[in-house]
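Enquirer: Contents of data_7.tsv (TSV, C-alpha atoms) are below:
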chain	number	residue	atom	x	y	z
A	1345	MET	CA	-50.01	-22.28	76.30
A	1346	ASN	CA	-52.91	-19.84	76.50
A	1347	SER	CA	-51.66	-16.58	74.95
A	1348	THR	CA	-53.96	-14.51	77.15
A	1349	LEU	CA	-52.40	-15.97	80.28
A	1350	ALA	CA	-48.91	-15.46	78.85
A	1351	LEU	CA	-49.61	-11.79	78.09
A	1352	ALA	CA	-51.05	-11.27	81.56
A	1353	GLU	CA	-47.72	-12.31	83.06
A	1354	LEU	CA	-45.84	-9.57	81.24
A	1355	PRO	CA	-44.96	-6.45	83.28
A	1356	GLN	CA	-46.61	-3.24	82.07
A	1357	LEU	CA	-43.32	-1.72	81.00
A	1358	ALA	CA	-44.68	1.17	78.95
A	1359	ARG	CA	-47.09	2.35	81.61
A	1360	ARG	CA	-44.53	2.02	84.41
A	1361	THR	CA	-41.90	3.84	82.40
A	1362	LEU	CA	-44.35	6.60	81.49
A	1363	SER	CA	-45.35	7.10	85.12
A	1364	ASP	CA	-41.70	7.25	86.14
A	1365	THR	CA	-41.00	9.79	83.40
A	1366	VAL	CA	-43.85	12.01	84.59
A	1367	TYR	CA	-42.65	11.65	88.18
A	1368	GLU	CA	-39.17	12.77	87.15
A	1369	ALA	CA	-40.55	15.71	85.17
A	1370	LEU	CA	-42.70	16.95	88.04
A	1371	SER	CA	-39.86	16.36	90.49
A	1372	ASP	CA	-37.61	18.49	88.32
A	1373	LEU	CA	-40.16	21.33	88.39
A	1374	LEU	CA	-40.17	21.19	92.18
A	1375	ALA	CA	-36.43	20.78	92.79
A	1376	SER	CA	-35.45	23.46	90.26
A	1377	GLY	CA	-37.73	26.03	91.84
A	1378	ARG	CA	-40.05	26.43	88.88
A	1379	LEU	CA	-43.02	25.83	91.17
A	1380	ALA	CA	-43.62	28.02	94.20
A	1381	PRO	CA	-45.43	27.30	97.49
A	1382	GLY	CA	-49.17	27.46	96.91
A	1383	ASP	CA	-48.96	26.86	93.15
A	1384	ARG	CA	-51.73	24.61	91.86
A	1385	LEU	CA	-51.46	21.84	89.30
A	1386	SER	CA	-54.14	20.46	87.04
A	1387	LEU	CA	-54.00	16.79	86.09
A	1388	ARG	CA	-55.38	17.49	82.63
A	1389	GLN	CA	-53.16	20.49	81.95
A	1390	SER	CA	-50.10	18.62	83.20
A	1391	ALA	CA	-50.99	15.64	81.02
A	1392	ALA	CA	-51.47	17.88	77.98
A	1393	ALA	CA	-48.16	19.67	78.59
A	1394	LEU	CA	-46.32	16.35	78.85
A	1395	GLY	CA	-48.19	14.75	75.97
A	1396	VAL	CA	-49.50	11.85	78.01
A	1397	SER	CA	-52.83	10.64	79.36
A	1398	VAL	CA	-54.10	11.65	82.80
A	1399	MET	CA	-53.40	8.23	84.35
A	1400	PRO	CA	-49.56	8.42	84.57
A	1401	VAL	CA	-49.84	12.00	85.87
A	1402	ARG	CA	-52.26	10.85	88.57
A	1403	GLU	CA	-49.87	8.06	89.53
A	1404	ALA	CA	-46.90	10.44	89.69
A	1405	VAL	CA	-48.86	12.97	91.75
A	1406	SER	CA	-49.86	10.21	94.19
A	1407	ARG	CA	-46.20	9.32	94.68
A	1408	LEU	CA	-45.22	12.94	95.21
A	1409	ALA	CA	-48.08	13.41	97.65
A	1410	ALA	CA	-46.84	10.35	99.57
A	1411	ASP	CA	-43.42	12.05	99.67
A	1412	GLY	CA	-45.07	15.11	101.21
A	1413	VAL	CA	-44.07	17.47	98.39
A	1414	LEU	CA	-47.53	17.83	96.83
A	1415	GLU	CA	-50.94	18.04	98.47
A	1416	VAL	CA	-54.19	16.65	97.10
A	1417	ALA	CA	-57.23	18.34	98.65
A	1418	PRO	CA	-60.61	16.57	99.02
A	1419	ASN	CA	-61.85	18.52	95.99
A	1420	ARG	CA	-58.90	17.00	94.05
A	1421	VAL	CA	-57.05	20.30	93.82
A	1422	ILE	CA	-53.32	19.62	93.69
A	1423	ARG	CA	-50.94	22.20	95.08
A	1424	VAL	CA	-47.41	22.73	96.31
A	1425	PRO	CA	-47.50	22.85	100.13
A	1426	VAL	CA	-46.99	26.21	101.81
A	1427	MET	CA	-44.25	25.67	104.36
A	1428	GLY	CA	-44.28	27.34	107.77
A	1429	ALA	CA	-41.22	28.99	109.28
A	1430	PRO	CA	-40.52	26.25	111.87
A	1431	ALA	CA	-40.66	23.51	109.23
A	1432	PHE	CA	-38.48	25.61	106.94
A	1433	ARG	CA	-35.86	26.10	109.67
A	1434	ALA	CA	-35.84	22.35	110.32
A	1435	LEU	CA	-35.37	21.70	106.60
A	1436	VAL	CA	-32.48	24.19	106.49
A	1437	GLU	CA	-30.65	22.52	109.38
A	1438	THR	CA	-31.19	19.10	107.83
A	1439	ARG	CA	-29.88	20.30	104.48
A	1440	ILE	CA	-26.78	21.81	106.08
A	1441	ALA	CA	-26.00	18.54	107.85
A	1442	VAL	CA	-26.69	16.20	104.94
A	1443	GLU	CA	-25.35	18.33	102.11
A	1444	GLY	CA	-22.31	19.16	104.21
A	1445	ILE	CA	-21.36	15.49	104.27
A	1446	ALA	CA	-21.78	15.27	100.50
A	1447	VAL	CA	-19.73	18.35	99.64
A	1448	ALA	CA	-16.92	17.37	102.03
A	1449	ARG	CA	-16.68	13.94	100.42
A	1450	ALA	CA	-16.89	15.50	96.97
A	1451	ALA	CA	-13.92	17.75	97.79
A	1452	GLU	CA	-11.87	14.80	98.96
A	1453	ARG	CA	-12.87	12.33	96.23
A	1454	ARG	CA	-13.68	14.37	93.13
A	1455	THR	CA	-12.05	13.49	89.84
A	1456	ALA	CA	-10.66	15.96	87.33
A	1457	ALA	CA	-13.72	15.42	85.13
A	1458	GLU	CA	-16.09	16.04	88.05
A	1459	LEU	CA	-14.19	19.19	89.02
A	1460	ALA	CA	-14.49	20.42	85.42
A	1461	ALA	CA	-18.25	19.80	85.50
A	1462	ILE	CA	-18.54	21.71	88.79
A	1463	ARG	CA	-16.58	24.62	87.34
A	1464	ARG	CA	-18.84	24.71	84.27
A	1465	ALA	CA	-21.94	24.73	86.46
A	1466	GLU	CA	-20.56	27.53	88.62
A	1467	ALA	CA	-19.61	29.55	85.54
A	1468	ALA	CA	-23.11	29.11	84.08
A	1469	PHE	CA	-24.75	30.39	87.27
A	1470	ARG	CA	-22.30	33.28	87.49
A	1471	ALA	CA	-22.93	34.30	83.88
A	1472	GLU	CA	-26.69	34.37	84.44
A	1473	ALA	CA	-26.45	36.16	87.78
A	1474	GLU	CA	-24.14	38.85	86.36
A	1475	ALA	CA	-26.14	39.41	83.18
A	1476	PRO	CA	-27.61	42.92	82.73
A	1477	GLU	CA	-31.10	41.44	82.98
A	1478	PRO	CA	-30.75	37.98	84.52
A	1479	ASP	CA	-33.43	35.39	83.95
A	1480	ARG	CA	-34.29	34.68	87.58
A	1481	ALA	CA	-36.12	31.44	86.85
A	1482	ARG	CA	-33.07	30.18	84.97
A	1483	ALA	CA	-30.81	31.33	87.80
A	1484	VAL	CA	-32.78	29.18	90.25
A	1485	GLN	CA	-32.38	26.17	87.97
A	1486	LEU	CA	-28.66	26.81	87.45
A	1487	ASN	CA	-28.21	27.11	91.20
A	1488	ARG	CA	-29.72	23.66	91.58
A	1489	ASP	CA	-27.53	22.31	88.78
A	1490	LEU	CA	-24.39	23.56	90.52
A	1491	HIS	CA	-25.30	22.03	93.85
A	1492	PHE	CA	-26.08	18.69	92.25
A	1493	ALA	CA	-22.87	18.75	90.19
A	1494	ILE	CA	-21.06	19.00	93.53
A	1495	TYR	CA	-23.09	16.33	95.28
A	1496	GLY	CA	-22.74	14.05	92.27
A	1497	ALA	CA	-19.02	13.84	93.02
A	1498	CYS	CA	-19.48	12.49	96.55
A	1499	GLY	CA	-19.56	8.87	95.43
A	1500	LEU	CA	-22.50	7.88	97.63
A	1501	GLY	CA	-25.66	7.07	95.71
A	1502	PRO	CA	-27.93	6.73	98.77
A	1503	LEU	CA	-26.76	10.12	100.07
A	1504	GLN	CA	-27.54	11.71	96.70
A	1505	GLU	CA	-31.04	10.19	96.83
A	1506	ILE	CA	-31.63	11.72	100.27
A	1507	ILE	CA	-30.49	15.13	99.03
A	1508	ALA	CA	-32.71	14.86	95.97
A	1509	ARG	CA	-35.72	14.25	98.24
A	1510	LEU	CA	-34.79	17.24	100.42
A	1511	TRP	CA	-34.64	19.44	97.34
A	1512	LEU	CA	-38.15	18.42	96.33
A	1513	LYS	CA	-39.23	20.33	99.45
A	1514	ALA	CA	-36.59	23.06	99.29
A	1515	GLY	CA	-36.87	23.89	95.59
A	1516	PRO	CA	-40.23	25.68	95.67
A	1517	VAL	CA	-39.17	27.79	98.66
A	1518	ILE	CA	-36.02	28.86	96.83
A	1519	ASN	CA	-38.48	30.61	94.52
A	1520	LEU	CA	-38.92	33.06	97.39
A	1521	ASP	CA	-35.20	33.83	97.26
A	1522	LEU	CA	-33.48	34.04	93.89
A	1523	ARG	CA	-36.49	34.07	91.60
A	1524	ALA	CA	-38.82	36.42	93.41
A	1525	HIS	CA	-36.20	38.90	94.61
A	1526	PRO	CA	-33.68	40.11	92.02
A	1527	GLU	CA	-31.70	42.01	94.67
A	1528	ARG	CA	-30.59	38.67	96.07
A	1529	LEU	CA	-28.78	37.98	92.80
A	1530	LEU	CA	-27.36	41.51	92.62
A	1531	GLN	CA	-25.98	41.34	96.15
A	1532	GLY	CA	-23.83	38.40	95.08
A	1533	PHE	CA	-24.03	36.35	98.28
A	1534	ALA	CA	-24.64	33.13	96.39
A	1535	LEU	CA	-21.87	33.93	93.92
A	1536	ARG	CA	-19.33	34.37	96.71
A	1537	ARG	CA	-20.31	31.22	98.53
A	1538	HIS	CA	-20.30	29.21	95.31
A	1539	ALA	CA	-16.83	30.50	94.46
A	1540	GLU	CA	-15.60	29.57	97.93
A	1541	ALA	CA	-17.06	26.07	97.60
A	1542	VAL	CA	-15.48	25.49	94.18
A	1543	ALA	CA	-12.09	26.75	95.38
A	1544	ALA	CA	-12.25	24.43	98.39
A	1545	ILE	CA	-13.23	21.48	96.22
A	1546	GLU	CA	-10.34	22.25	93.90
A	1547	ALA	CA	-8.00	22.31	96.93
A	1548	ARG	CA	-9.57	19.09	98.26
A	1549	ASP	CA	-10.45	20.91	101.49
A	1550	GLY	CA	-13.59	19.14	102.65
A	1551	ALA	CA	-14.14	21.25	105.77
A	1552	ALA	CA	-13.93	24.53	103.86
A	1553	ALA	CA	-16.22	23.24	101.12
A	1554	ALA	CA	-18.84	22.15	103.68
A	1555	ALA	CA	-18.57	25.53	105.44
A	1556	ALA	CA	-19.14	27.39	102.17
A	1557	ILE	CA	-22.24	25.38	101.29
A	1558	ALA	CA	-23.55	25.73	104.85
A	1559	ALA	CA	-23.14	29.50	104.62
A	1560	ASP	CA	-24.86	29.52	101.21
A	1561	ILE	CA	-27.86	27.60	102.56
A	1562	ARG	CA	-28.07	29.59	105.80
A	1563	GLU	CA	-27.77	33.03	104.18
A	1564	ALA	CA	-30.45	32.18	101.65
A	1565	ALA	CA	-32.69	30.92	104.46
A	1566	GLU	CA	-32.26	34.10	106.49
A	1567	PHE	CA	-33.09	36.19	103.44
A	1568	ILE	CA	-36.24	34.17	102.85
A	1569	LEU	CA	-37.32	34.39	106.48
A	1570	THR	CA	-36.74	38.13	106.76
A	1571	ARG	CA	-37.62	39.38	103.28
A	1572	GLY	CA	-38.84	36.50	101.16
A	1573	GLY	CA	-42.43	36.48	102.36
A	1574	LEU	CA	-42.48	33.08	104.07
A	1575	ARG	CA	-43.70	34.48	107.39
A	1576	ASP	CA	-46.24	36.66	105.60
A	1577	VAL	CA	-47.60	33.63	103.77
A	1578	GLN	CA	-47.81	31.59	106.92
A	1579	GLY	CA	-48.56	34.30	109.42
A	1580	GLU	CA	-45.89	32.84	111.71
A	1581	ASP	CA	-43.05	34.32	113.69
Once you've parsed the file, please lay out its structure as C-alpha coordinates.
Expert:
Amino acid sequence: MNSTLALAELPQLARRTLSDTVYEALSDLLASGRLAPGDRLSLRQSAAALGVSVMPVREAVSRLAADGVLEVAPNRVIRVPVMGAPAFRALVETRIAVEGIAVARAAERRTAAELAAIRRAEAAFRAEAEAPEPDRARAVQLNRDLHFAIYGACGLGPLQEIIARLWLKAGPVINLDLRAHPERLLQGFALRRHAEAVAAIEARDGAAAAAAIAADIREAAEFILTRGGLRDVQGED
(Lines of atoms letter the chains of each structure in order from A and count residues from 1; the text may use other names and numbers.)
(Lines give C-alpha, C1' and ligand atoms only; values in the text may rest on other atoms or scores of the structure.)
Protein backbone atom coordinates (compact mmCIF):
# COMPACT_ATOMS: atom_id res chain seq x y z
CA MET A 1 0.00 0.00 0.00
CA ASN A 2 1.24 3.48 -0.83
CA SER A 3 2.41 5.01 2.47
CA THR A 4 1.55 8.52 1.30
CA LEU A 5 -2.06 7.52 0.71
CA ALA A 6 -2.17 5.74 4.08
CA LEU A 7 -0.86 8.82 5.90
CA ALA A 8 -3.36 11.03 4.10
CA GLU A 9 -6.19 8.98 5.59
CA LEU A 10 -5.08 9.69 9.15
CA PRO A 11 -7.02 12.39 11.03
CA GLN A 12 -4.96 15.44 12.01
CA LEU A 13 -5.22 14.68 15.70
CA ALA A 14 -2.55 17.07 16.95
CA ARG A 15 -3.85 20.05 15.04
CA ARG A 16 -7.48 19.37 15.97
CA THR A 17 -6.59 18.89 19.62
CA LEU A 18 -4.51 22.07 19.63
CA SER A 19 -7.33 24.09 18.11
CA ASP A 20 -9.76 22.70 20.67
CA THR A 21 -7.35 23.55 23.48
CA VAL A 22 -7.04 27.14 22.27
CA TYR A 23 -10.82 27.36 21.92
CA GLU A 24 -11.23 26.20 25.51
CA ALA A 25 -8.61 28.66 26.76
CA LEU A 26 -10.21 31.62 25.01
CA SER A 27 -13.66 30.48 26.11
CA ASP A 28 -12.44 30.40 29.69
CA LEU A 29 -11.19 33.99 29.40
CA LEU A 30 -14.63 35.06 28.20
CA ALA A 31 -16.77 33.03 30.62
CA SER A 32 -14.66 33.92 33.66
CA GLY A 33 -14.91 37.64 32.97
CA ARG A 34 -11.23 38.21 32.31
CA LEU A 35 -12.12 39.92 29.04
CA ALA A 36 -14.43 42.93 28.98
CA PRO A 37 -16.72 44.27 26.23
CA GLY A 38 -14.62 46.10 23.66
CA ASP A 39 -11.36 44.35 24.57
CA ARG A 40 -9.24 43.53 21.53
CA LEU A 41 -7.28 40.37 20.86
CA SER A 42 -4.24 39.89 18.68
CA LEU A 43 -3.76 36.58 16.92
CA ARG A 44 0.00 36.76 17.29
CA GLN A 45 -0.04 37.85 20.92
CA SER A 46 -2.60 35.19 21.78
CA ALA A 47 -0.52 32.56 20.01
CA ALA A 48 2.63 33.67 21.84
CA ALA A 49 0.86 33.64 25.21
CA LEU A 50 -0.44 30.12 24.60
CA GLY A 51 2.81 28.87 23.09
CA VAL A 52 1.25 27.82 19.80
CA SER A 53 1.30 28.94 16.18
CA VAL A 54 -1.20 31.45 14.80
CA MET A 55 -3.19 28.82 12.89
CA PRO A 56 -4.97 27.11 15.85
CA VAL A 57 -5.71 30.54 17.35
CA ARG A 58 -7.26 31.67 14.06
CA GLU A 59 -9.36 28.51 13.95
CA ALA A 60 -10.53 28.99 17.55
CA VAL A 61 -11.36 32.65 16.94
CA SER A 62 -13.39 31.68 13.87
CA ARG A 63 -15.44 29.27 15.98
CA LEU A 64 -16.01 31.87 18.68
CA ALA A 65 -16.98 34.44 16.08
CA ALA A 66 -19.51 31.94 14.67
CA ASP A 67 -20.87 31.62 18.23
CA GLY A 68 -21.31 35.39 18.32
CA VAL A 69 -18.96 35.93 21.27
CA LEU A 70 -16.09 37.48 19.31
CA GLU A 71 -16.13 39.88 16.37
CA VAL A 72 -13.67 39.96 13.49
CA ALA A 73 -13.65 43.32 11.72
CA PRO A 74 -12.75 43.71 8.02
CA ASN A 75 -9.31 44.97 9.10
CA ARG A 76 -8.92 41.67 11.01
CA VAL A 77 -9.19 43.33 14.41
CA ILE A 78 -10.67 40.86 16.88
CA ARG A 79 -12.69 42.18 19.78
CA VAL A 80 -15.23 41.21 22.41
CA PRO A 81 -18.64 42.54 21.30
CA VAL A 82 -20.08 45.52 23.16
CA MET A 83 -23.57 44.49 24.18
CA GLY A 84 -26.50 46.91 24.14
CA ALA A 85 -28.99 47.17 26.98
CA PRO A 86 -31.87 45.40 25.16
CA ALA A 87 -29.66 42.45 24.22
CA PHE A 88 -28.31 42.34 27.76
CA ARG A 89 -31.82 42.26 29.24
CA ALA A 90 -32.76 39.43 26.88
CA LEU A 91 -29.64 37.51 27.94
CA VAL A 92 -30.51 38.04 31.62
CA GLU A 93 -34.04 36.66 31.19
CA THR A 94 -32.71 33.70 29.24
CA ARG A 95 -30.12 32.97 31.91
CA ILE A 96 -32.72 33.13 34.67
CA ALA A 97 -34.94 30.64 32.84
CA VAL A 98 -32.23 28.19 31.80
CA GLU A 99 -30.03 28.37 34.88
CA GLY A 100 -33.12 28.16 37.06
CA ILE A 101 -33.89 24.74 35.62
CA ALA A 102 -30.32 23.60 36.27
CA VAL A 103 -30.13 24.80 39.87
CA ALA A 104 -33.54 23.33 40.73
CA ARG A 105 -32.49 19.94 39.39
CA ALA A 106 -29.14 20.25 41.14
CA ALA A 107 -30.92 20.82 44.47
CA GLU A 108 -33.09 17.77 43.96
CA ARG A 109 -30.42 15.43 42.55
CA ARG A 110 -27.10 16.52 44.03
CA THR A 111 -24.87 13.98 45.71
CA ALA A 112 -22.96 14.50 48.94
CA ALA A 113 -19.74 14.92 46.94
CA GLU A 114 -21.35 17.52 44.66
CA LEU A 115 -22.73 19.40 47.65
CA ALA A 116 -19.25 19.44 49.20
CA ALA A 117 -17.81 20.85 45.96
CA ILE A 118 -20.50 23.56 45.89
CA ARG A 119 -19.75 24.48 49.50
CA ARG A 120 -16.02 24.73 48.73
CA ALA A 121 -16.71 26.98 45.75
CA GLU A 122 -19.00 29.22 47.81
CA ALA A 123 -16.42 29.42 50.60
CA ALA A 124 -13.69 30.37 48.11
CA PHE A 125 -15.78 33.21 46.69
CA ARG A 126 -16.74 34.39 50.17
CA ALA A 127 -13.12 34.41 51.34
CA GLU A 128 -12.07 36.53 48.36
CA ALA A 129 -15.03 38.89 48.62
CA GLU A 130 -14.47 39.46 52.35
CA ALA A 131 -10.70 39.93 52.09
CA PRO A 132 -9.38 43.37 53.15
CA GLU A 133 -8.29 44.01 49.57
CA PRO A 134 -10.13 41.51 47.37
CA ASP A 135 -8.73 40.59 43.99
CA ARG A 136 -11.73 41.57 41.87
CA ALA A 137 -10.58 39.65 38.81
CA ARG A 138 -10.26 36.51 40.93
CA ALA A 139 -13.66 37.19 42.49
CA VAL A 140 -15.24 37.20 39.03
CA GLN A 141 -13.61 33.86 38.24
CA LEU A 142 -14.63 32.35 41.59
CA ASN A 143 -18.19 33.53 41.01
CA ARG A 144 -18.21 31.61 37.74
CA ASP A 145 -16.70 28.56 39.43
CA LEU A 146 -19.47 28.52 42.04
CA HIS A 147 -22.25 28.78 39.48
CA PHE A 148 -20.77 25.98 37.41
CA ALA A 149 -20.23 23.78 40.47
CA ILE A 150 -23.98 24.10 41.03
CA TYR A 151 -24.96 23.51 37.42
CA GLY A 152 -22.59 20.56 37.23
CA ALA A 153 -24.83 18.75 39.71
CA CYS A 154 -27.95 18.99 37.55
CA GLY A 155 -27.22 15.76 35.69
CA LEU A 156 -28.08 17.11 32.25
CA GLY A 157 -25.10 17.46 29.94
CA PRO A 158 -26.95 19.27 27.13
CA LEU A 159 -28.32 21.82 29.61
CA GLN A 160 -24.81 22.45 30.93
CA GLU A 161 -23.61 23.03 27.36
CA ILE A 162 -26.34 25.62 26.80
CA ILE A 163 -25.39 27.42 30.02
CA ALA A 164 -21.72 27.37 29.06
CA ARG A 165 -22.58 29.09 25.77
CA LEU A 166 -24.67 31.71 27.58
CA TRP A 167 -21.75 32.46 29.87
CA LEU A 168 -19.47 33.09 26.91
CA LYS A 169 -21.68 36.14 26.29
CA ALA A 170 -22.39 36.97 29.94
CA GLY A 171 -18.85 36.63 31.29
CA PRO A 172 -17.37 39.79 29.76
CA VAL A 173 -20.33 41.89 30.92
CA ILE A 174 -19.90 40.60 34.47
CA ASN A 175 -16.63 42.53 34.30
CA LEU A 176 -18.82 45.63 34.56
CA ASP A 177 -20.19 44.33 37.86
CA LEU A 178 -17.83 42.60 40.27
CA ARG A 179 -14.51 43.43 38.68
CA ALA A 180 -14.96 47.05 37.75
CA HIS A 181 -16.92 48.11 40.84
CA PRO A 182 -15.52 47.02 44.21
CA GLU A 183 -18.57 48.38 46.05
CA ARG A 184 -20.59 45.55 44.53
CA LEU A 185 -18.45 43.08 46.46
CA LEU A 186 -18.56 45.16 49.64
CA GLN A 187 -22.35 45.42 49.56
CA GLY A 188 -22.53 41.64 49.79
CA PHE A 189 -25.53 41.07 47.51
CA ALA A 190 -23.85 38.19 45.72
CA LEU A 191 -22.69 36.69 49.01
CA ARG A 192 -26.23 36.63 50.37
CA ARG A 193 -27.75 35.13 47.26
CA HIS A 194 -25.02 32.51 47.04
CA ALA A 195 -25.57 31.55 50.67
CA GLU A 196 -29.31 31.25 50.05
CA ALA A 197 -28.71 29.06 47.00
CA VAL A 198 -26.32 26.74 48.85
CA ALA A 199 -28.70 26.43 51.81
CA ALA A 200 -31.57 25.56 49.45
CA ILE A 201 -29.46 23.00 47.62
CA GLU A 202 -28.48 21.45 50.94
CA ALA A 203 -32.19 21.27 51.87
CA ARG A 204 -33.03 19.86 48.41
CA ASP A 205 -35.43 22.77 47.86
CA GLY A 206 -35.33 23.28 44.12
CA ALA A 207 -37.74 26.22 44.02
CA ALA A 208 -35.81 28.18 46.65
CA ALA A 209 -32.50 27.44 44.95
CA ALA A 210 -33.82 28.66 41.59
CA ALA A 211 -35.23 31.80 43.25
CA ALA A 212 -31.86 32.58 44.86
CA ILE A 213 -29.96 32.24 41.59
CA ALA A 214 -32.60 34.28 39.76
CA ALA A 215 -32.24 37.05 42.35
CA ASP A 216 -28.44 36.88 42.05
CA ILE A 217 -28.58 37.25 38.26
CA ARG A 218 -31.25 39.97 38.32
CA GLU A 219 -29.60 42.09 41.02
CA ALA A 220 -26.27 41.97 39.23
CA ALA A 221 -28.01 42.95 35.98
CA GLU A 222 -29.74 45.93 37.56
CA PHE A 223 -26.45 47.08 39.04
CA ILE A 224 -24.78 46.86 35.65
CA LEU A 225 -27.60 48.70 33.90
CA THR A 226 -27.77 51.51 36.44
CA ARG A 227 -24.14 51.89 37.52
CA GLY A 228 -21.96 49.52 35.53
CA GLY A 229 -21.57 51.68 32.45
CA LEU A 230 -23.39 49.49 29.93
CA ARG A 231 -25.77 52.26 28.85
CA ASP A 232 -22.90 54.75 28.71
CA VAL A 233 -20.94 52.42 26.46
CA GLN A 234 -23.89 51.84 24.19
CA GLY A 235 -25.60 55.19 24.47
CA GLU A 236 -28.91 53.37 24.98
CA ASP A 237 -31.76 53.75 27.42
Enquirer: Any chance you could work out the axis-aligned box around stretch 1368-1379 of chain A, listed atoms only, 4 Å on each side, giving centre and edge lengths in Å to one decimal, as AutoDock Vina command-line options?
Expert:
--center_x -39.2 --center_y 19.6 --center_z 89.0 --size_x 15.6 --size_y 21.7 --size_z 15.6
Enquirer: I need the residue nearest A:Val1396 from this list: A:Ala1493, A:Leu1374, A:Val1366, A:Ala1559. Use all atoms listed in the file for the distance.
Expert: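 For A:Val1396, the nearest of the given residues is A:Val1366.
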Enquirer: Between A:Arg1509, A:Arg1388, A:Arg1453, A:Arg1528, which is the closest to A:Asp1411 once you count all atoms listed in the file?
Expert: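 Checking each candidate against A:Asp1411, we get A:Arg1509 as the closest.
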Enquirer: Figure out the distance between atom CA of A:Thr1570 and atom CA of A:Ala1380, please, to one decimal in Å.
Expert: 17.5 Å
Enquirer: Set out as a tab-separated table a contact list for stretch 1499-1524 of chain A and stretch 1412-1419 of chain A with a cut-off of 10 Å, giving each residue of stretch 1499-1524 of chain A that qualifies its closest atom pair and distance in Å to one decimal, counting only C-alpha atoms, ordered by chain and rising residue number.
Expert:
residue	atom	partner	partner_atom	distance
A:Arg1509	CA	A:Val1413	CA	9.0
A:Leu1510	CA	A:Val1413	CA	9.5
A:Trp1511	CA	A:Val1413	CA	9.7
A:Leu1512	CA	A:Val1413	CA	6.3
A:Lys1513	CA	A:Val1413	CA	5.7
A:Ala1514	CA	A:Val1413	CA	9.4
A:Pro1516	CA	A:Val1413	CA	9.5
Enquirer: Mind pulling up the distance from atom CA of A:Arg1384 to atom CA of A:Ile1422?
Expert: 5.5 Å
